[in-house]
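Colleague: Quick one: the structure is below, questions incoming.
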Protein chains: 2
Amino acid sequence: MTATDLPDEAPGRDAPPDLGDIDAEAFRAAAHDVVDVMADYLARIEEFAVFPPIEPGSIAPLFPASAPEEPEPLADILADYRRLVEPNATHWQHPGFMAYFPTTASAAGILGEMLTAAIGQNTMLWRTSPIGTELETVVVSWLRQGLGLPDAFDGLLTDTASTSSLIALGAAREAAGLEASALGLAARPELGQPRVYASTEAHSSIEKAAMTLGLGRAGVVRIAADDEYRMRVDALIEAIAADRGARRRPIAIVATIGTTSSTAVDPIYAIADVASAEGLWLHVDAAYAGPAALLPEKRPLFEGWERADSIVVNPHKWLWAPLDASLLLTRRMADLRAAFSLVPEYLRTLDRSAPVRDVNEYTPQLGRRFRALKLWLMLRWFGLEGLRRRLRQHIEQAAAFAGWVDDNPDWERLAPAPFSTVCFRFRPRALAGRESEPEVAARLDDLNARIIDGVNRTGEIFLNHTRLRDRFTIRVALGQLRTEDRHVARAWELLRREAARLAS
Amino acid sequence: MTATDLPDEAPGRDAPPDLGDIDAEAFRAAAHDVVDVMADYLARIEEFAVFPPIEPGSIAPLFPASAPEEPEPLADILADYRRLVEPNATHWQHPGFMAYFPTTASAAGILGEMLTAAIGQNTMLWRTSPIGTELETVVVSWLRQGLGLPDAFDGLLTDTASTSSLIALGAAREAAGLEASALGLAARPELGQPRVYASTEAHSSIEKAAMTLGLGRAGVVRIAADDEYRMRVDALIEAIAADRGARRRPIAIVATIGTTSSTAVDPIYAIADVASAEGLWLHVDAAYAGPAALLPEKRPLFEGWERADSIVVNPHKWLWAPLDASLLLTRRMADLRAAFSLVPEYLRTLDRSAPVRDVNEYTPQLGRRFRALKLWLMLRWFGLEGLRRRLRQHIEQAAAFAGWVDDNPDWERLAPAPFSTVCFRFRPRALAGRESEPEVAARLDDLNARIIDGVNRTGEIFLNHTRLRDRFTIRVALGQLRTEDRHVARAWELLRREAARLAS
């Protein structure tokens with residue numbers, strides 16, 4: 001039964017009162033209606049085109065130009081939700097979503113968000129949410145242990161990896177003695193321009209954090225990568241030496257486990273040696289691949305990350321939490337606090353004598369959602385073994401796909417696939433070996449762009465691209481919880497069909 | 001019926017499958033169970049102490065030290081939710097919550113969050129959520145019109161006012177020609193240290209933004225306030241002149257409509273004159289009070305804000321949206337983009353020819369929740385007139401409370417109450433006129449701290465304090481959607497009871 005089937009006289013659900021809010025029983029009825037809309041959506045998800053065949057600017061005009069003056073019935077709003085919202089979404093929950101890094105709103109995660117909305121916590125202070133503050137320490141510890149990191153790591157939850165990495169670099173800026181939080185970066189030019197080192201394959205969020213923090217894009221030194229898209233440690237050492245020689249001020253290295261384009265793994269242990277020798281903050285971006293550390297057989301890829309000063313892992317990527325949930329682990333909570341703490345009078349806790357952790361002292365934002373709740377629910381719902389089984393399934397799906405590419409002489413894999421993402425392109429036999437000719441290179445780029453576009457237009461599968469060594473590269477990013485083996489096979493089938501159509 | 005009453009054999013709801021996710025029908029059943037937990041909570045909300053009588057550190061030990069290895073039944077998780085989570089929350093949804101600025105999770109807002117969780121959008125790009133991107137422009141326009149601002153204002157939604165103000169100041173930093181996003185703030189010391197002006201009563205988020213942006217706490221010049229806690233324009237003009245004389249670089253003024261301590265209103269029009277004459281970015285922080293601009297009779301308090309470069313208004317405060325939802329309006333989207341845009345290859349849109357708005361180009365974060373959905377639902381559910389009726393009710397409640405204080409010779413009001421917040425203290429007749437004696441001042445501070453503590457320990461009402469002109473000040477912040485007149489009367493009754501008990 002959906003809201004639109006309800007009799008008009010159903011009490012409370014269609015007529016908000018004149019003041020205050022509807023009572024709990026009217027809310028109960030309305031929320032049951034909404035659950036049916038949610039479940040219907042998930043039941044029908046494969047009826048939608050993953051990426052809808054619409055043009056930019058075509059949706060806003062479907063809505064009234066101004067807000068209504070008087071209340072409207074929920075049934076009307078839900079009918080419009082089905083008519084205008086659902087068909088114009090990119091369906092991240094569709095099993096054919098294999099673009100970017102997928103974010104699954106798992107059933108358990110959605111249930112967690114529902115409870116989060118109703119209990120309505122702001123976890124900025126212990127006092128404004130004792131459970132929000134303390135359950136966060138519980139969940140951070142549960143995840144840390146699962147990932148195999150020592151208890152020297154404490155941490156917190158943020159909205160996104162962008163914020164987690166910004167916090168880490170903000171703390172690094174402070175730990176380097178720049179006194180940026182107190183005096184500002186323009187106050188002491190004699191200290192030299194602060195510099196952060198990250199590979200050419202590091203995520204844009206690192207550069208974005210540098211922009212926000214006043215380090216500037218020029219403050220991020222891009223270190224060359226090797227043939228497998230891993231940071232070159234020799235180049236890192238040279239870059240640091242060059243900057244020291246030029247009286248610039250190295251403050252941090254960002255290493256990546258699972259780069260965005262190709263999921264490459266930087267040589268963390270060797271980079272940690274450099275960080276240690278140079279006295280630099282080491283931040284490890286494992287936003288996507290971090291959950292694979294739950295698997296003992298994948299731990300070797302993470303070797304050395306336990307030496308980091310800070311690590312980011314996003315439960316809203318490969319752990320199936322709905323947006324948003326990013327985990328920032330760090331050995332150096334005091335440095336985070338030095339960078340971000342401000343306690344005005346109205347945020348002081350006077351009525352408790354024990355020391356409190358007020359998490360906003362570690363973050364750029366004051367207000368904070370109760371993100372620990374959904375993670376607690378999810379960790380119990382799946383169990384660590386349940387998480388491991390699913391991670392292994394996605395890794396096996398990716399390995400199978402990589403095998404199909406490798407076995408087909410008209411296709412070419414463009415990077416190792418250590419996790420759940422495969423990078424490749426169509427390169428018909430006739431063109432093999434001629435990629436250095438500019439016209440062949442351009443033709444391959446064009447062919448592959450048209451293949452991906454053709455596949456996406458079927459509505460069954462949604463892929464995106466990147467460039468690896470300046471070659472247009474198709475990415476198949478698995479890890480969506482609802483993707484079954486048949487969807488992976490279908491993606492490969494559609495890719496070959498499009499390639500054949502274009503080649504003919 | 002709740003989950004704990006369900007028969008063990010209920011299919012699907014207690015046993016997640018070994019791989020993938022539960023199917024839509026099992027989700028439907030589980031979500032209906034969760035709705036009952038949510039509605040039960042709201043039905044029983046007044047049975048909880050608003051601020052629970054617990055000590056810091058007492059909650060985390062109630063949870064297991066490690067995550068479970070195997071899945072646990074939802075019924076067990078929900079039972080623990082009721083047993084461990086609900087009683088240890090600070091109940092922001094309790095009608096007696098009158099601390100900080102309340103954040104109501106209205107029924108409509110909760111329904112919106114439920115749909116948001118299930119449709120699972122990431123609105124970072126148009127391509128990753130066409131509806132998320134375009135509905136955001138619709139809702140921003142609806143709110144802008146409701147607030148009476150000209151269509152020169154465009155805007156976007158962020159998580160919190162902290163982020164909205166950070167974006168505004170980041171754009172101001174860029175607009176001032178510092179090239180901070182490209183080169184970093186340490187690169188061009190000859191331009192002078194950047195300075196932002198805000199009153200002594202401005203919110204801590206302004207100073208926090210300056211810390212994050214590399215301007216430093218020293219980059220925020222605190223301008224003295226007048227007797228009613230409004231920025232003194234003469235002091236502002238002097239401060240700017242002094243900084244120019246000292247070769248520092250003024251970049252922005254932050255004016256507040258509804259300061260956090262006392263909800264004072266800076267003289268916006270006069271400040272806009274200064275900003276205009278000096279060529280400075282004017283950011284208006286109306287995070288709390290902004291919604292009052294929906295009321296024609298309150299518009300005079302906002303006069304001049306239409307001249308601002310940027311304005312922040314938080315729907316998750318006095319518009320009853322669940323955390324998080326902050327509205328950033330600006331005339332200068334291009335400056336935001338100059339400060340925050342980065343487009344790596346994997347975020348390029350190749351398959352649409354019309355220009356797209358990719359909102360992440362205007363924000364420090366990449367990933368973005370679909371916040372427009374709940375606001376769209378709420379604006380239709382309440383209608384603008386429904387919002388106005390409720391805002392007026394809270395303003396009337398505050399006026400009544402202020403009147404009770406004013407009429408009682410043992411109490412003293414400490415600031416005007418133009419919106420829904422009243423600042424006051426107990427000052428027994430016997431001590432009136434002797435506040436300049438240090439021991440009397442200390443005694444009044446102590447008495448009022450003990451009064452607020454006594455009231456909070458009843459569990460019926462939750463208040464917090466601030467300091468105004470160095471006097472301990474009790475704040476009653478109304479605006480919670482579930483607060484009825486009887487709760488306001490009860491707050492006053494409890495305050496007087498505590499005062500009488502302590503005075504005797």
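Following the order of the structure tokens, first chain is A, next is B, and so on, with residues numbered from 1 inside each chain and ligands from 1 in the order they appear.
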So that I can check the secondary structure, give me every residue of segment 22-204 of chain A assigned alpha helix (DSSP H) by backbone DSSP, as a PyMOL selection string.
Modeller: chain A and resi 24-43+74-80+107-119+130-146+161-175+180-183+204
Colleague: I want to know what sits within 12 Å of segment 229-234 of chain B, based on only C-alpha atoms, with residues of the same chain fewer than 6 positions away left out; could you give that as a compact mmCIF listing (two decimals) with all heavy atoms, in the first residue's frame?
Modeller:
```txt
# COMPACT_ATOMS: atom_id res chain seq x y z
N TYR B 197 36.79 41.32 9.42
CA TYR B 197 36.23 42.08 10.54
C TYR B 197 34.89 41.48 10.96
O TYR B 197 34.03 41.24 10.13
CB TYR B 197 36.06 43.55 10.14
CG TYR B 197 37.39 44.10 9.65
CD1 TYR B 197 37.78 43.92 8.32
CD2 TYR B 197 38.28 44.69 10.53
CE1 TYR B 197 39.03 44.35 7.88
CE2 TYR B 197 39.54 45.12 10.10
CZ TYR B 197 39.90 44.93 8.78
OH TYR B 197 41.14 45.33 8.36
N ALA B 198 34.78 41.23 12.25
CA ALA B 198 33.53 40.70 12.79
C ALA B 198 33.40 41.22 14.22
O ALA B 198 34.41 41.52 14.85
CB ALA B 198 33.55 39.16 12.79
N SER B 199 32.21 41.30 14.72
CA SER B 199 32.04 41.87 16.06
C SER B 199 32.50 40.88 17.13
O SER B 199 32.69 39.70 16.88
CB SER B 199 30.58 42.26 16.31
OG SER B 199 29.88 41.19 16.88
N THR B 200 32.66 41.39 18.32
CA THR B 200 33.02 40.53 19.45
C THR B 200 31.94 39.48 19.69
O THR B 200 32.21 38.47 20.33
CB THR B 200 33.17 41.36 20.74
OG1 THR B 200 32.01 42.19 20.89
CG2 THR B 200 34.40 42.25 20.67
N GLU B 201 30.74 39.71 19.18
CA GLU B 201 29.62 38.78 19.38
C GLU B 201 29.46 37.80 18.22
O GLU B 201 28.57 36.96 18.24
CB GLU B 201 28.32 39.56 19.57
CG GLU B 201 28.31 40.46 20.80
CD GLU B 201 28.38 39.64 22.09
OE1 GLU B 201 27.62 38.66 22.21
OE2 GLU B 201 29.19 39.97 22.96
N ALA B 202 30.29 37.91 17.19
CA ALA B 202 30.17 37.01 16.03
C ALA B 202 30.42 35.57 16.46
O ALA B 202 31.13 35.31 17.44
CB ALA B 202 31.14 37.42 14.93
N VAL B 221 39.63 40.45 13.08
CA VAL B 221 39.66 41.61 13.97
C VAL B 221 38.28 41.72 14.62
O VAL B 221 37.27 41.83 13.92
CB VAL B 221 39.98 42.88 13.17
CG1 VAL B 221 40.07 44.08 14.11
CG2 VAL B 221 41.28 42.69 12.40
N ARG B 222 38.27 41.66 15.93
CA ARG B 222 37.01 41.71 16.66
C ARG B 222 36.62 43.16 16.93
O ARG B 222 37.34 43.88 17.63
CB ARG B 222 37.17 40.96 17.98
CG ARG B 222 37.36 39.46 17.80
CD ARG B 222 36.13 38.85 17.14
NE ARG B 222 36.13 37.40 17.36
CZ ARG B 222 35.02 36.68 17.36
NH1 ARG B 222 33.84 37.24 17.12
NH2 ARG B 222 35.08 35.38 17.55
N ILE B 223 35.50 43.56 16.37
CA ILE B 223 35.04 44.94 16.51
C ILE B 223 34.11 45.03 17.73
O ILE B 223 33.24 44.18 17.93
CB ILE B 223 34.25 45.35 15.24
CG1 ILE B 223 35.11 45.11 14.00
CG2 ILE B 223 33.80 46.80 15.35
CD1 ILE B 223 36.40 45.89 13.95
N ILE B 240 39.53 49.23 10.19
CA ILE B 240 39.95 49.07 8.80
C ILE B 240 41.04 50.09 8.46
O ILE B 240 42.07 49.76 7.86
CB ILE B 240 38.75 49.21 7.84
CG1 ILE B 240 37.75 48.05 8.07
CG2 ILE B 240 39.22 49.22 6.38
CD1 ILE B 240 36.42 48.23 7.36
N ALA B 241 40.83 51.32 8.91
CA ALA B 241 41.81 52.37 8.64
C ALA B 241 43.15 52.04 9.29
O ALA B 241 44.23 52.21 8.69
CB ALA B 241 41.28 53.71 9.13
N ILE B 253 34.07 41.74 5.66
CA ILE B 253 33.37 42.06 6.90
C ILE B 253 32.30 40.99 7.09
O ILE B 253 31.59 40.65 6.15
CB ILE B 253 32.70 43.44 6.84
CG1 ILE B 253 33.73 44.53 6.49
CG2 ILE B 253 31.99 43.76 8.16
CD1 ILE B 253 33.09 45.89 6.18
N VAL B 254 32.20 40.47 8.31
CA VAL B 254 31.12 39.55 8.63
C VAL B 254 30.17 40.25 9.58
O VAL B 254 30.56 40.63 10.69
CB VAL B 254 31.65 38.26 9.29
CG1 VAL B 254 30.48 37.33 9.63
CG2 VAL B 254 32.65 37.56 8.38
N ALA B 255 28.94 40.44 9.14
CA ALA B 255 27.91 41.04 10.00
C ALA B 255 26.93 39.94 10.39
O ALA B 255 26.75 38.97 9.65
CB ALA B 255 27.20 42.15 9.25
N THR B 256 26.34 40.08 11.57
CA THR B 256 25.47 39.03 12.06
C THR B 256 24.05 39.54 12.27
O THR B 256 23.86 40.63 12.82
CB THR B 256 26.00 38.48 13.39
OG1 THR B 256 27.39 38.15 13.24
CG2 THR B 256 25.24 37.22 13.81
N ILE B 257 23.10 38.75 11.82
CA ILE B 257 21.69 39.02 12.16
C ILE B 257 21.27 37.87 13.08
O ILE B 257 21.02 36.76 12.63
CB ILE B 257 20.80 39.06 10.89
CG1 ILE B 257 21.27 40.19 9.97
CG2 ILE B 257 19.33 39.26 11.28
CD1 ILE B 257 20.49 40.31 8.67
N GLY B 258 21.26 38.16 14.38
CA GLY B 258 20.94 37.11 15.35
C GLY B 258 22.20 36.46 15.88
O GLY B 258 22.47 35.29 15.61
N THR B 259 22.96 37.20 16.69
CA THR B 259 24.19 36.63 17.25
C THR B 259 23.85 35.45 18.17
O THR B 259 22.74 35.34 18.68
CB THR B 259 24.97 37.69 18.04
OG1 THR B 259 24.14 38.16 19.11
CG2 THR B 259 25.39 38.85 17.17
N THR B 260 24.83 34.60 18.38
CA THR B 260 24.58 33.37 19.12
C THR B 260 24.27 33.64 20.59
O THR B 260 23.36 33.03 21.15
CB THR B 260 25.80 32.44 18.99
OG1 THR B 260 26.03 32.24 17.60
CG2 THR B 260 25.54 31.10 19.65
N SER B 261 25.00 34.53 21.20
CA SER B 261 24.75 34.77 22.62
C SER B 261 23.41 35.43 22.86
O SER B 261 22.62 34.96 23.66
CB SER B 261 25.87 35.63 23.21
OG SER B 261 27.01 34.84 23.46
N SER B 262 23.15 36.52 22.16
CA SER B 262 21.97 37.32 22.52
C SER B 262 21.04 37.61 21.36
O SER B 262 20.08 38.35 21.52
CB SER B 262 22.43 38.65 23.13
OG SER B 262 22.90 39.52 22.10
N THR B 263 21.31 37.06 20.17
CA THR B 263 20.52 37.29 18.95
C THR B 263 20.46 38.77 18.56
O THR B 263 19.46 39.24 18.04
CB THR B 263 19.09 36.70 19.02
OG1 THR B 263 18.27 37.47 19.91
CG2 THR B 263 19.13 35.25 19.48
N ALA B 264 21.55 39.49 18.82
CA ALA B 264 21.63 40.89 18.40
C ALA B 264 21.71 40.99 16.88
O ALA B 264 22.13 40.05 16.20
CB ALA B 264 22.86 41.54 19.02
N VAL B 265 21.33 42.16 16.38
CA VAL B 265 21.34 42.41 14.94
C VAL B 265 22.30 43.55 14.65
O VAL B 265 22.08 44.69 15.09
CB VAL B 265 19.93 42.77 14.44
CG1 VAL B 265 19.96 43.06 12.94
CG2 VAL B 265 18.95 41.64 14.75
N ASP B 266 23.37 43.25 13.94
CA ASP B 266 24.31 44.30 13.57
C ASP B 266 23.62 45.29 12.62
O ASP B 266 22.67 44.92 11.91
CB ASP B 266 25.54 43.69 12.87
CG ASP B 266 26.46 42.97 13.84
OD1 ASP B 266 26.41 43.25 15.06
OD2 ASP B 266 27.24 42.11 13.38
N PRO B 267 24.09 46.54 12.60
CA PRO B 267 23.49 47.54 11.69
C PRO B 267 23.93 47.25 10.25
O PRO B 267 24.90 47.82 9.74
CB PRO B 267 24.05 48.87 12.21
CG PRO B 267 25.30 48.51 12.94
CD PRO B 267 25.15 47.11 13.44
N ILE B 268 23.20 46.36 9.61
CA ILE B 268 23.63 45.81 8.32
C ILE B 268 23.77 46.89 7.25
O ILE B 268 24.74 46.90 6.50
CB ILE B 268 22.64 44.73 7.84
CG1 ILE B 268 22.41 43.66 8.90
CG2 ILE B 268 23.14 44.10 6.54
CD1 ILE B 268 23.60 42.83 9.24
N TYR B 269 22.78 47.79 7.20
CA TYR B 269 22.82 48.78 6.12
C TYR B 269 24.06 49.65 6.21
O TYR B 269 24.77 49.86 5.22
CB TYR B 269 21.55 49.63 6.14
CG TYR B 269 21.29 50.27 4.81
CD1 TYR B 269 20.51 49.64 3.85
CD2 TYR B 269 21.88 51.50 4.49
CE1 TYR B 269 20.31 50.21 2.60
CE2 TYR B 269 21.69 52.07 3.25
CZ TYR B 269 20.90 51.43 2.31
OH TYR B 269 20.72 51.99 1.07
N ALA B 270 24.36 50.10 7.43
CA ALA B 270 25.54 50.95 7.62
C ALA B 270 26.83 50.17 7.35
O ALA B 270 27.80 50.70 6.81
CB ALA B 270 25.54 51.53 9.03
N ILE B 271 26.81 48.91 7.73
CA ILE B 271 28.00 48.07 7.48
C ILE B 271 28.17 47.84 5.97
O ILE B 271 29.29 47.85 5.45
CB ILE B 271 27.89 46.74 8.26
CG1 ILE B 271 27.97 47.02 9.77
CG2 ILE B 271 28.99 45.78 7.83
CD1 ILE B 271 27.66 45.81 10.64
N ALA B 272 27.05 47.68 5.28
CA ALA B 272 27.12 47.51 3.83
C ALA B 272 27.71 48.76 3.17
O ALA B 272 28.45 48.67 2.18
CB ALA B 272 25.74 47.20 3.26
N ASP B 273 27.40 49.92 3.74
CA ASP B 273 28.01 51.16 3.23
C ASP B 273 29.53 51.10 3.38
O ASP B 273 30.27 51.49 2.46
CB ASP B 273 27.49 52.38 4.01
CG ASP B 273 26.09 52.79 3.57
OD1 ASP B 273 25.66 52.38 2.47
OD2 ASP B 273 25.43 53.51 4.34
N VAL B 274 29.98 50.63 4.53
CA VAL B 274 31.43 50.53 4.77
C VAL B 274 32.05 49.53 3.79
O VAL B 274 33.08 49.80 3.16
CB VAL B 274 31.72 50.12 6.23
CG1 VAL B 274 33.23 49.93 6.43
CG2 VAL B 274 31.15 51.13 7.20
N ALA B 275 31.42 48.37 3.67
CA ALA B 275 31.95 47.35 2.77
C ALA B 275 32.06 47.89 1.35
O ALA B 275 33.05 47.67 0.65
CB ALA B 275 31.06 46.10 2.81
N LEU B 414 18.92 40.73 30.10
CA LEU B 414 20.26 41.21 29.79
C LEU B 414 20.45 41.61 28.34
O LEU B 414 21.54 42.05 27.95
CB LEU B 414 21.30 40.15 30.19
CG LEU B 414 21.34 39.87 31.70
CD1 LEU B 414 22.33 38.75 32.02
CD2 LEU B 414 21.70 41.12 32.50
N ALA B 415 19.43 41.43 27.54
CA ALA B 415 19.56 41.82 26.12
C ALA B 415 18.16 41.90 25.52
O ALA B 415 17.23 41.25 26.00
CB ALA B 415 20.39 40.78 25.36
N PRO B 416 18.02 42.69 24.46
CA PRO B 416 16.75 42.68 23.71
C PRO B 416 16.48 41.26 23.18
O PRO B 416 17.41 40.47 23.01
CB PRO B 416 17.00 43.66 22.57
CG PRO B 416 18.17 44.48 22.98
CD PRO B 416 19.02 43.60 23.85
N ALA B 417 15.23 40.98 22.92
CA ALA B 417 14.86 39.66 22.40
C ALA B 417 14.06 39.82 21.10
O ALA B 417 12.85 39.65 21.08
CB ALA B 417 14.05 38.89 23.45
N CYS B 423 17.63 36.37 26.99
CA CYS B 423 18.82 36.35 27.84
C CYS B 423 18.51 37.10 29.14
O CYS B 423 18.05 38.25 29.08
CB CYS B 423 20.00 37.02 27.14
SG CYS B 423 20.57 36.12 25.71
N ARG B 467 27.97 34.39 28.33
CA ARG B 467 28.36 35.56 29.13
C ARG B 467 28.09 36.80 28.30
O ARG B 467 28.47 36.88 27.14
CB ARG B 467 29.84 35.50 29.54
CG ARG B 467 30.16 34.37 30.51
CD ARG B 467 31.55 34.49 31.12
NE ARG B 467 31.58 35.40 32.25
CZ ARG B 467 31.29 35.04 33.50
NH1 ARG B 467 30.97 33.78 33.79
NH2 ARG B 467 31.32 35.93 34.47
N LEU B 468 27.41 37.77 28.90
CA LEU B 468 27.17 39.05 28.25
C LEU B 468 27.76 40.13 29.15
O LEU B 468 27.41 40.21 30.33
CB LEU B 468 25.68 39.29 28.04
CG LEU B 468 25.00 38.40 26.99
CD1 LEU B 468 23.49 38.64 26.97
CD2 LEU B 468 25.59 38.65 25.59
N ARG B 469 28.63 40.92 28.58
CA ARG B 469 29.37 41.93 29.36
C ARG B 469 29.92 41.30 30.64
O ARG B 469 29.79 41.84 31.73
CB ARG B 469 28.48 43.13 29.64
CG ARG B 469 29.20 44.44 29.32
CD ARG B 469 28.25 45.64 29.31
NE ARG B 469 27.49 45.70 28.07
CZ ARG B 469 26.18 45.87 28.01
NH1 ARG B 469 25.47 45.98 29.10
NH2 ARG B 469 25.58 45.92 26.85
```
Colleague: Between B:Gly367, B:Pro438, B:Pro17, B:Gly433, which has the minimum distance to Thr103 of chain A (counting only C-alpha atoms)?
Modeller: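 Answer, going by the shortest atom-to-atom distance: B:Gly367.
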Colleague: I'd like the neighbourhood of Leu323 of chain B as a ChimeraX atom specification, where a residue qualifies if any of its atoms comes within 12 Å (using only C-alpha atoms), though same-chain residues fewer than 3 positions away should be ignored.
Modeller: /A:113,116-124,366-371 /B:92,102-106,109-110,112-113,158-161,314-320,326,369,371,374-375
Colleague: Neighbours of Leu502 of chain A within 10 Å (only C-alpha atoms; same-chain residues fewer than 3 positions away dropped), as a list in words?
Modeller: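 Contacts, with the query itself left out: Leu447, Asn448, Arg450, Ile451, Gly454, Arg496, Arg497, Glu498 and Ala499 of chain A.
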Colleague: Using only C-alpha atoms, determine which residues lie at most 12 Å from Arg188 of chain B, disregarding the query and same-chain residues fewer than 2 positions distant; provide the list as a list of chain:residue names.
Modeller: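 Final neighbour list, sorted by chain and number: A:Leu185, A:Ala186, A:Ala187, A:Arg188, A:Pro189, A:Glu190, A:Gly192, A:Gln193, A:Gly214, A:Leu215, A:Gly216, B:Gly177, B:Leu178, B:Glu179, B:Ala180, B:Ala182, B:Leu183, B:Gly184, B:Leu185, B:Ala186, B:Glu190, B:Leu191, B:Gly192, B:Gln193, B:Pro194, B:Arg249.
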Colleague: Can you list, as a PyMOL selection string, every protein, DNA or RNA residue that comes within 9 Å of segment 136-147 of chain B when you count only C-alpha atoms, leaving out same-chain residues fewer than 4 positions away?
Modeller: (chain A and resi 60-61+63-68) or (chain B and resi 131-132+151+153-157+290-295+299+327-329+370-373+375-376+379+384)
Colleague: I need the residue nearest chain B from this list: A:Arg486, A:Arg173, A:Arg434, A:Arg427. Use only C-alpha atoms for the distance.
Modeller: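 The answer is A:Arg173, which sits nearest to chain B.
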Colleague: Please indicate the distance in Å from atom CA of Arg429 of chain B to atom CA of Asp410 of chain B, rounded to one decimal place.
Modeller: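 Rounded to one decimal, the two atoms are 5.2 Å apart.
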Colleague: Which residue, A:Ala489, A:Ala168, A:Ile54, A:Ala277, has the smallest gap to Ala354 of chain B when you use only C-alpha atoms?
Modeller: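 Under the stated criterion, the closest residue is A:Ile54.
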Colleague: What is the atom CA of Ser181 of chain A-atom CA of Glu345 of chain A distance in Å, reported with one decimal?
Modeller: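 These two atoms are separated by 19.5 Å.
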Colleague: Extract the full set of strand (DSSP E) residues from segment 432-489 of chain A according to DSSP on the backbone, and format it as a PyMOL selection string.
Modeller: chain A and resi 464-468+471-477
Colleague: For atom CA of Asn88 of chain A and atom CA of Leu125 of chain B, determine how far apart the two atoms are, in Å to one decimal place.
Modeller: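 Interatomic distance here is 13.6 Å.
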Colleague: Could you tell me which of A:Phe401, A:Tyr81, A:Tyr346, A:Phe424 comes closest to chain B if we count only C-alpha atoms?
Modeller: A:Tyr346
Colleague: Any idea what's packed within 10 Å of Gly96 of chain A, counting only C-alpha atoms, ignoring anything in its chain fewer than 4 positions away? Could you give it as a list in words?
Modeller: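 With the cut-off at 10 Å, the set is Ile45, Glu46, Ala49, Val50, Phe51, His91, Trp92, Asn456, Gly459, Glu460, Ile461, Phe462, Leu463, Leu478, Gln480, Arg482, Thr483, Glu484, Arg486, His487, Val488, Arg490 and Ala491 of chain A.
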Colleague: For each of B:Leu78, B:Leu19, B:Ala252, B:Leu166, take the minimum atom-to-atom distance to chain A, counting only C-alpha atoms, then give the residue where this is smallest.
Modeller: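 Looking at the shortest contact to chain A, the residue is B:Leu19.
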